[in-house]
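Dumped coords-v4.txt below, it's compact mmCIF, N, CA and C atoms:
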# COMPACT_ATOMS: atom_id res chain seq x y z
N MET A 231 27.25 235.78 315.18
CA MET A 231 26.02 235.06 315.46
C MET A 231 26.32 233.65 315.98
N ALA A 232 27.34 233.00 315.43
CA ALA A 232 27.67 231.64 315.86
C ALA A 232 28.09 231.62 317.33
N TRP A 233 28.83 232.66 317.77
CA TRP A 233 29.24 232.69 319.18
C TRP A 233 28.04 232.91 320.09
N LEU A 234 27.06 233.66 319.63
CA LEU A 234 25.85 233.85 320.42
C LEU A 234 25.14 232.51 320.62
N LEU A 235 25.12 231.69 319.58
CA LEU A 235 24.52 230.36 319.69
C LEU A 235 25.26 229.51 320.73
N VAL A 236 26.59 229.61 320.76
CA VAL A 236 27.37 228.86 321.73
C VAL A 236 27.05 229.33 323.15
N VAL A 237 26.94 230.63 323.34
CA VAL A 237 26.64 231.17 324.67
C VAL A 237 25.27 230.69 325.14
N VAL A 238 24.27 230.78 324.28
CA VAL A 238 22.93 230.32 324.65
C VAL A 238 22.94 228.81 324.89
N ALA A 239 23.66 228.07 324.07
CA ALA A 239 23.78 226.62 324.27
C ALA A 239 24.42 226.31 325.62
N GLY A 240 25.42 227.10 326.01
CA GLY A 240 26.06 226.91 327.31
C GLY A 240 25.11 227.18 328.46
N LEU A 241 24.28 228.20 328.32
CA LEU A 241 23.27 228.49 329.35
C LEU A 241 22.25 227.37 329.43
N LEU A 242 21.87 226.84 328.28
CA LEU A 242 20.95 225.69 328.28
C LEU A 242 21.61 224.46 328.90
N GLU A 243 22.93 224.34 328.75
CA GLU A 243 23.64 223.24 329.39
C GLU A 243 23.52 223.35 330.91
N THR A 244 23.61 224.56 331.42
CA THR A 244 23.39 224.77 332.85
C THR A 244 21.99 224.28 333.23
N GLY A 245 21.01 224.61 332.41
CA GLY A 245 19.64 224.18 332.68
C GLY A 245 19.51 222.66 332.69
N PHE A 246 20.15 221.99 331.75
CA PHE A 246 19.98 220.53 331.74
C PHE A 246 20.73 219.87 332.88
N ALA A 247 21.85 220.44 333.30
CA ALA A 247 22.57 219.87 334.44
C ALA A 247 21.76 220.01 335.73
N VAL A 248 21.18 221.18 335.93
CA VAL A 248 20.36 221.41 337.13
C VAL A 248 19.13 220.50 337.11
N CYS A 249 18.48 220.40 335.97
CA CYS A 249 17.30 219.54 335.87
C CYS A 249 17.66 218.07 336.06
N LEU A 250 18.84 217.69 335.65
CA LEU A 250 19.29 216.32 335.87
C LEU A 250 19.33 216.02 337.36
N LYS A 251 19.85 216.94 338.15
CA LYS A 251 19.86 216.76 339.61
C LYS A 251 18.44 216.73 340.16
N LEU A 252 17.62 217.68 339.72
CA LEU A 252 16.26 217.78 340.24
C LEU A 252 15.38 216.60 339.84
N SER A 253 15.77 215.88 338.79
CA SER A 253 14.97 214.74 338.34
C SER A 253 15.11 213.52 339.25
N HIS A 254 16.11 213.55 340.13
CA HIS A 254 16.35 212.43 341.05
C HIS A 254 16.39 211.09 340.30
N GLY A 255 17.33 211.02 339.35
CA GLY A 255 17.49 209.78 338.59
C GLY A 255 16.35 209.52 337.63
N PHE A 256 15.81 210.58 337.05
CA PHE A 256 14.69 210.51 336.11
C PHE A 256 13.43 209.91 336.75
N THR A 257 13.26 210.13 338.05
CA THR A 257 12.06 209.63 338.73
C THR A 257 11.01 210.72 338.91
N ARG A 258 11.35 211.97 338.61
CA ARG A 258 10.40 213.07 338.68
C ARG A 258 10.12 213.57 337.27
N MET A 259 8.83 213.59 336.91
CA MET A 259 8.46 213.83 335.52
C MET A 259 8.88 215.20 335.00
N TRP A 260 8.49 216.30 335.66
CA TRP A 260 8.73 217.64 335.10
C TRP A 260 10.20 218.00 335.00
N PRO A 261 11.02 217.71 336.00
CA PRO A 261 12.46 217.97 335.80
C PRO A 261 13.06 217.10 334.68
N THR A 262 12.53 215.89 334.51
CA THR A 262 13.02 215.02 333.44
C THR A 262 12.65 215.59 332.07
N ILE A 263 11.42 216.07 331.95
CA ILE A 263 11.00 216.70 330.68
C ILE A 263 11.82 217.95 330.41
N ALA A 264 12.03 218.76 331.45
CA ALA A 264 12.84 219.97 331.29
C ALA A 264 14.28 219.62 330.91
N PHE A 265 14.83 218.57 331.52
CA PHE A 265 16.17 218.11 331.16
C PHE A 265 16.23 217.80 329.67
N CYS A 266 15.27 217.05 329.17
CA CYS A 266 15.25 216.68 327.75
C CYS A 266 15.17 217.91 326.85
N ALA A 267 14.32 218.86 327.22
CA ALA A 267 14.18 220.07 326.41
C ALA A 267 15.46 220.90 326.41
N PHE A 268 16.05 221.11 327.60
CA PHE A 268 17.30 221.87 327.68
C PHE A 268 18.42 221.16 326.93
N ALA A 269 18.52 219.84 327.07
CA ALA A 269 19.59 219.09 326.41
C ALA A 269 19.45 219.17 324.89
N LEU A 270 18.25 218.96 324.38
CA LEU A 270 18.04 219.05 322.93
C LEU A 270 18.36 220.45 322.41
N GLY A 271 17.91 221.46 323.13
CA GLY A 271 18.20 222.84 322.73
C GLY A 271 19.68 223.14 322.75
N SER A 272 20.34 222.70 323.81
CA SER A 272 21.77 222.96 323.96
C SER A 272 22.58 222.29 322.85
N PHE A 273 22.36 221.00 322.67
CA PHE A 273 23.10 220.28 321.62
C PHE A 273 22.73 220.79 320.23
N GLY A 274 21.47 221.14 320.04
CA GLY A 274 21.05 221.66 318.74
C GLY A 274 21.74 222.97 318.39
N LEU A 275 21.79 223.90 319.35
CA LEU A 275 22.45 225.18 319.09
C LEU A 275 23.96 225.01 318.92
N LEU A 276 24.55 224.12 319.72
CA LEU A 276 25.98 223.86 319.55
C LEU A 276 26.26 223.30 318.16
N THR A 277 25.42 222.39 317.72
CA THR A 277 25.57 221.81 316.39
C THR A 277 25.50 222.88 315.29
N LEU A 278 24.54 223.79 315.42
CA LEU A 278 24.42 224.87 314.43
C LEU A 278 25.65 225.77 314.45
N SER A 279 26.17 226.07 315.64
CA SER A 279 27.33 226.96 315.73
C SER A 279 28.57 226.33 315.11
N LEU A 280 28.66 225.00 315.18
CA LEU A 280 29.87 224.33 314.65
C LEU A 280 29.94 224.37 313.12
N LYS A 281 28.89 224.82 312.46
CA LYS A 281 28.97 225.02 311.01
C LYS A 281 29.90 226.18 310.68
N LYS A 282 30.07 227.11 311.64
CA LYS A 282 30.89 228.31 311.40
C LYS A 282 32.14 228.38 312.27
N LEU A 283 32.19 227.65 313.38
CA LEU A 283 33.28 227.80 314.34
C LEU A 283 34.16 226.56 314.39
N ASP A 284 35.39 226.77 314.83
CA ASP A 284 36.29 225.65 315.10
C ASP A 284 35.75 224.87 316.30
N VAL A 285 35.85 223.55 316.26
CA VAL A 285 35.24 222.72 317.29
C VAL A 285 35.90 222.90 318.66
N GLY A 286 37.21 223.04 318.72
CA GLY A 286 37.90 223.13 320.00
C GLY A 286 37.46 224.31 320.85
N PRO A 287 37.63 225.53 320.36
CA PRO A 287 37.20 226.68 321.15
C PRO A 287 35.70 226.70 321.43
N ALA A 288 34.89 226.33 320.45
CA ALA A 288 33.43 226.36 320.65
C ALA A 288 33.01 225.37 321.73
N TYR A 289 33.55 224.16 321.67
CA TYR A 289 33.20 223.14 322.67
C TYR A 289 33.69 223.55 324.05
N ALA A 290 34.89 224.10 324.13
CA ALA A 290 35.43 224.52 325.42
C ALA A 290 34.60 225.66 326.02
N VAL A 291 34.19 226.61 325.20
CA VAL A 291 33.35 227.71 325.69
C VAL A 291 32.00 227.15 326.16
N TRP A 292 31.41 226.25 325.40
CA TRP A 292 30.13 225.64 325.75
C TRP A 292 30.22 224.93 327.10
N THR A 293 31.23 224.09 327.26
CA THR A 293 31.36 223.36 328.53
C THR A 293 31.74 224.29 329.67
N GLY A 294 32.55 225.31 329.39
CA GLY A 294 32.94 226.25 330.45
C GLY A 294 31.76 227.03 330.98
N ILE A 295 30.91 227.51 330.07
CA ILE A 295 29.71 228.24 330.49
C ILE A 295 28.80 227.31 331.29
N GLY A 296 28.64 226.09 330.79
CA GLY A 296 27.80 225.13 331.51
C GLY A 296 28.34 224.79 332.88
N ALA A 297 29.64 224.57 332.98
CA ALA A 297 30.25 224.21 334.27
C ALA A 297 30.18 225.37 335.26
N ALA A 298 30.56 226.55 334.83
CA ALA A 298 30.53 227.71 335.72
C ALA A 298 29.09 228.05 336.09
N GLY A 299 28.20 228.04 335.13
CA GLY A 299 26.80 228.36 335.40
C GLY A 299 26.16 227.37 336.36
N THR A 300 26.46 226.09 336.19
CA THR A 300 25.91 225.07 337.07
C THR A 300 26.45 225.23 338.49
N ALA A 301 27.74 225.48 338.61
CA ALA A 301 28.34 225.67 339.94
C ALA A 301 27.75 226.88 340.64
N ILE A 302 27.61 227.97 339.91
CA ILE A 302 27.03 229.19 340.50
C ILE A 302 25.58 228.95 340.90
N TYR A 303 24.80 228.34 340.03
CA TYR A 303 23.40 228.04 340.34
C TYR A 303 23.31 227.17 341.59
N GLY A 304 24.15 226.16 341.67
CA GLY A 304 24.13 225.27 342.83
C GLY A 304 24.43 226.01 344.13
N MET A 305 25.38 226.92 344.08
CA MET A 305 25.72 227.68 345.28
C MET A 305 24.61 228.64 345.67
N VAL A 306 23.99 229.28 344.69
CA VAL A 306 22.98 230.30 344.97
C VAL A 306 21.62 229.68 345.33
N PHE A 307 21.22 228.63 344.63
CA PHE A 307 19.86 228.13 344.78
C PHE A 307 19.73 226.73 345.41
N LEU A 308 20.80 225.94 345.38
CA LEU A 308 20.69 224.55 345.84
C LEU A 308 21.47 224.27 347.12
N GLY A 309 22.05 225.29 347.70
CA GLY A 309 22.76 225.11 348.97
C GLY A 309 24.11 224.45 348.85
N ASP A 310 24.70 224.46 347.66
CA ASP A 310 26.05 223.90 347.51
C ASP A 310 27.04 224.74 348.31
N LEU A 311 28.09 224.10 348.76
CA LEU A 311 29.13 224.77 349.55
C LEU A 311 29.77 225.91 348.77
N VAL A 312 29.92 227.05 349.42
CA VAL A 312 30.61 228.20 348.84
C VAL A 312 31.95 228.33 349.55
N SER A 313 33.03 228.36 348.77
CA SER A 313 34.35 228.53 349.35
C SER A 313 35.16 229.48 348.48
N THR A 314 36.19 230.05 349.07
CA THR A 314 37.06 230.95 348.32
C THR A 314 37.70 230.23 347.15
N LEU A 315 38.17 229.02 347.37
CA LEU A 315 38.82 228.26 346.29
C LEU A 315 37.83 227.98 345.16
N LYS A 316 36.59 227.65 345.51
CA LYS A 316 35.59 227.38 344.48
C LYS A 316 35.31 228.65 343.66
N LEU A 317 35.18 229.79 344.32
CA LEU A 317 34.92 231.04 343.61
C LEU A 317 36.09 231.44 342.72
N ILE A 318 37.32 231.25 343.20
CA ILE A 318 38.51 231.54 342.38
C ILE A 318 38.53 230.61 341.17
N SER A 319 38.24 229.34 341.38
CA SER A 319 38.26 228.36 340.29
C SER A 319 37.21 228.69 339.23
N ILE A 320 36.01 229.06 339.67
CA ILE A 320 34.96 229.46 338.72
C ILE A 320 35.40 230.69 337.94
N SER A 321 36.04 231.63 338.63
CA SER A 321 36.55 232.83 337.95
C SER A 321 37.57 232.46 336.88
N LEU A 322 38.44 231.51 337.19
CA LEU A 322 39.44 231.07 336.21
C LEU A 322 38.77 230.41 335.00
N VAL A 323 37.72 229.64 335.23
CA VAL A 323 36.99 229.02 334.13
C VAL A 323 36.39 230.12 333.24
N ILE A 324 35.79 231.12 333.86
CA ILE A 324 35.18 232.22 333.09
C ILE A 324 36.23 232.97 332.29
N VAL A 325 37.39 233.24 332.90
CA VAL A 325 38.48 233.92 332.17
C VAL A 325 38.94 233.04 331.01
N GLY A 326 39.04 231.74 331.23
CA GLY A 326 39.43 230.83 330.16
C GLY A 326 38.41 230.81 329.03
N VAL A 327 37.13 230.83 329.38
CA VAL A 327 36.06 230.85 328.36
C VAL A 327 36.17 232.11 327.53
N ILE A 328 36.39 233.24 328.18
CA ILE A 328 36.54 234.50 327.43
C ILE A 328 37.74 234.44 326.51
N GLY A 329 38.86 233.93 327.01
CA GLY A 329 40.06 233.80 326.18
C GLY A 329 39.84 232.89 324.98
N LEU A 330 39.18 231.77 325.21
CA LEU A 330 38.91 230.85 324.10
C LEU A 330 37.94 231.46 323.09
N GLN A 331 36.96 232.18 323.60
CA GLN A 331 36.02 232.83 322.69
C GLN A 331 36.75 233.85 321.82
N LEU A 332 37.65 234.59 322.42
CA LEU A 332 38.40 235.60 321.66
C LEU A 332 39.38 234.96 320.67
N SER A 333 39.85 233.75 320.99
CA SER A 333 40.81 233.09 320.11
C SER A 333 40.13 232.33 318.97
N GLY A 334 38.85 232.01 319.13
CA GLY A 334 38.14 231.23 318.12
C GLY A 334 37.72 232.10 316.95
N SER A 335 38.12 231.68 315.77
CA SER A 335 37.75 232.48 314.60
C SER A 335 36.64 231.80 313.84
N ALA A 336 35.75 232.58 313.31
CA ALA A 336 34.68 232.04 312.46
C ALA A 336 35.25 231.81 311.08
N HIS A 337 34.71 230.79 310.39
CA HIS A 337 35.18 230.48 309.02
C HIS A 337 34.60 231.47 308.05
Kindly return the structure encoded in the file as structure tokens.
Amino acid sequence: MAWLLVVVAGLLETGFAVCLKLSHGFTRMWPTIAFCAFALGSFGLLTLSLKKLDVGPAYAVWTGIGAAGTAIYGMVFLGDLVSTLKLISISLVIVGVIGLQLSGSAH
């Protein structure tokens, strides 16, 4: 259950990163409100998961999901540059996240 919280928190991290861009420096109300909601949810779920998980693997999985998810979202929906090197790098992040998740033991 704790790893599920980390995964959902990582997806919410993607949401807050995208909303941060869409807020244009917190000058647009709805993306700013969404950023706050995603950030609170993400940090809240990560905090709950850390009651059962080691901080290193949990934090790395959280940031990895957020980084890969944000990069993919940017390429698919925001017109970010797509390159072979970028896709390989995202794949390596995802493989690393899976490895860290498998190495992290619950208390």
Find the smallest box with edges along x, y and z containing every listed atom of range 302-305 of chain A, then add 3 Å on each side and report centre and edge lengths in Å to one decimal, as AutoDock Vina command-line options.
--center_x 25.5 --center_y 227.2 --center_z 342.8 --size_x 10.3 --size_y 9.9 --size_z 11.8
request  = Just give me the gap between CA of Leu278 in chain A and atom N of Ile263 in chain A in Å, one decimal is fine.
outcome  = 23.5 Å
Show me a table, sorted first by chain and then by increasing residue number, of the residues of range 236-307 of chain A having an atom at most 9 Å from range 314-320 of chain A, each with its shortest atom pair and the distance in Å to one decimal, counting only C-alpha atoms and written as JSON lines.
{"residue": "A:Ala297", "atom": "CA", "partner": "A:Ile320", "partner_atom": "CA", "distance": 8.3}
{"residue": "A:Ala298", "atom": "CA", "partner": "A:Ile320", "partner_atom": "CA", "distance": 5.6}
{"residue": "A:Gly299", "atom": "CA", "partner": "A:Ile320", "partner_atom": "CA", "distance": 8.9}
{"residue": "A:Ala301", "atom": "CA", "partner": "A:Ile320", "partner_atom": "CA", "distance": 7.7}
{"residue": "A:Ile302", "atom": "CA", "partner": "A:Ile320", "partner_atom": "CA", "distance": 8.1}
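Ranking A:Ser279, A:Ser333, A:Ser321, A:Thr300 by their shortest atom-to-atom distance to Leu234 in chain A, with only C-alpha atoms included, puts A:Ser279 first.
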inquiry  = Please compute the CA of Ala239 in chain A-CA of Val325 in chain A distance, one decimal, in Å.
reply    =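 Pair CA of Ala239 in chain A / CA of Val325 in chain A returns 18.2 Å.
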DSSP-assigned helix (DSSP H, G or I) among range 263-319 of chain A, expressed as a VMD selection string = chain A and resid 263 to 279 285 to 307 314 to 319
task = Kindly give the distance, in Å, that separates CA of Val248 in chain A and CA of Gly271 in chain A, rounded to a single decimal.
result =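 The value is 14.6 Å.
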message = So that I can check the surroundings of Ala264 in chain A, please list as a ChimeraX atom specification every protein, DNA and RNA residue that reaches within 6.5 Å of it, counting all atoms listed in the file and ignoring chain neighbours fewer than 3 positions away.
response = /A:245-246,249,259-261,267-269
ask   = Using all atoms listed in the file, which residues sit within 7 Å of Leu275 in chain A once same-chain residues fewer than 6 positions away are excluded, as a PyMOL selection string?
value = chain A and resi 235-236+238-239
Nearest-residue call for Ala288 in chain A, choices A:Tyr303, A:Phe265, A:Phe273, A:Trp233, using all atoms listed in the file =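 The closest residue to Ala288 in chain A is A:Trp233.
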request  = Have a look at A:Glu243, A:Val237, A:Ile324, A:Ala232 and name the one nearest to Gly296 in chain A; count only N, CA and C atoms.
outcome  =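 Looking only at the distances to Gly296 in chain A, the closest residue turns out to be A:Glu243.
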request  = Can you work out which one of A:Leu311, A:Met231, A:Ala247, A:Val327 has the shortest atom-to-atom distance to Thr293 in chain A, counting all atoms listed in the file?
outcome  = A:Val327
note = Using all atoms listed in the file, the residue out of A:Ala290, A:Leu250, A:Leu308, A:Cys266 with shortest distance to Gly326 in chain A is A:Ala290
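The shortest atom-to-atom distance to Trp292 in chain A, with only N, CA and C atoms taken into account, belongs to A:Leu276 out of A:Leu322, A:Leu276, A:Gly329, A:Leu270.
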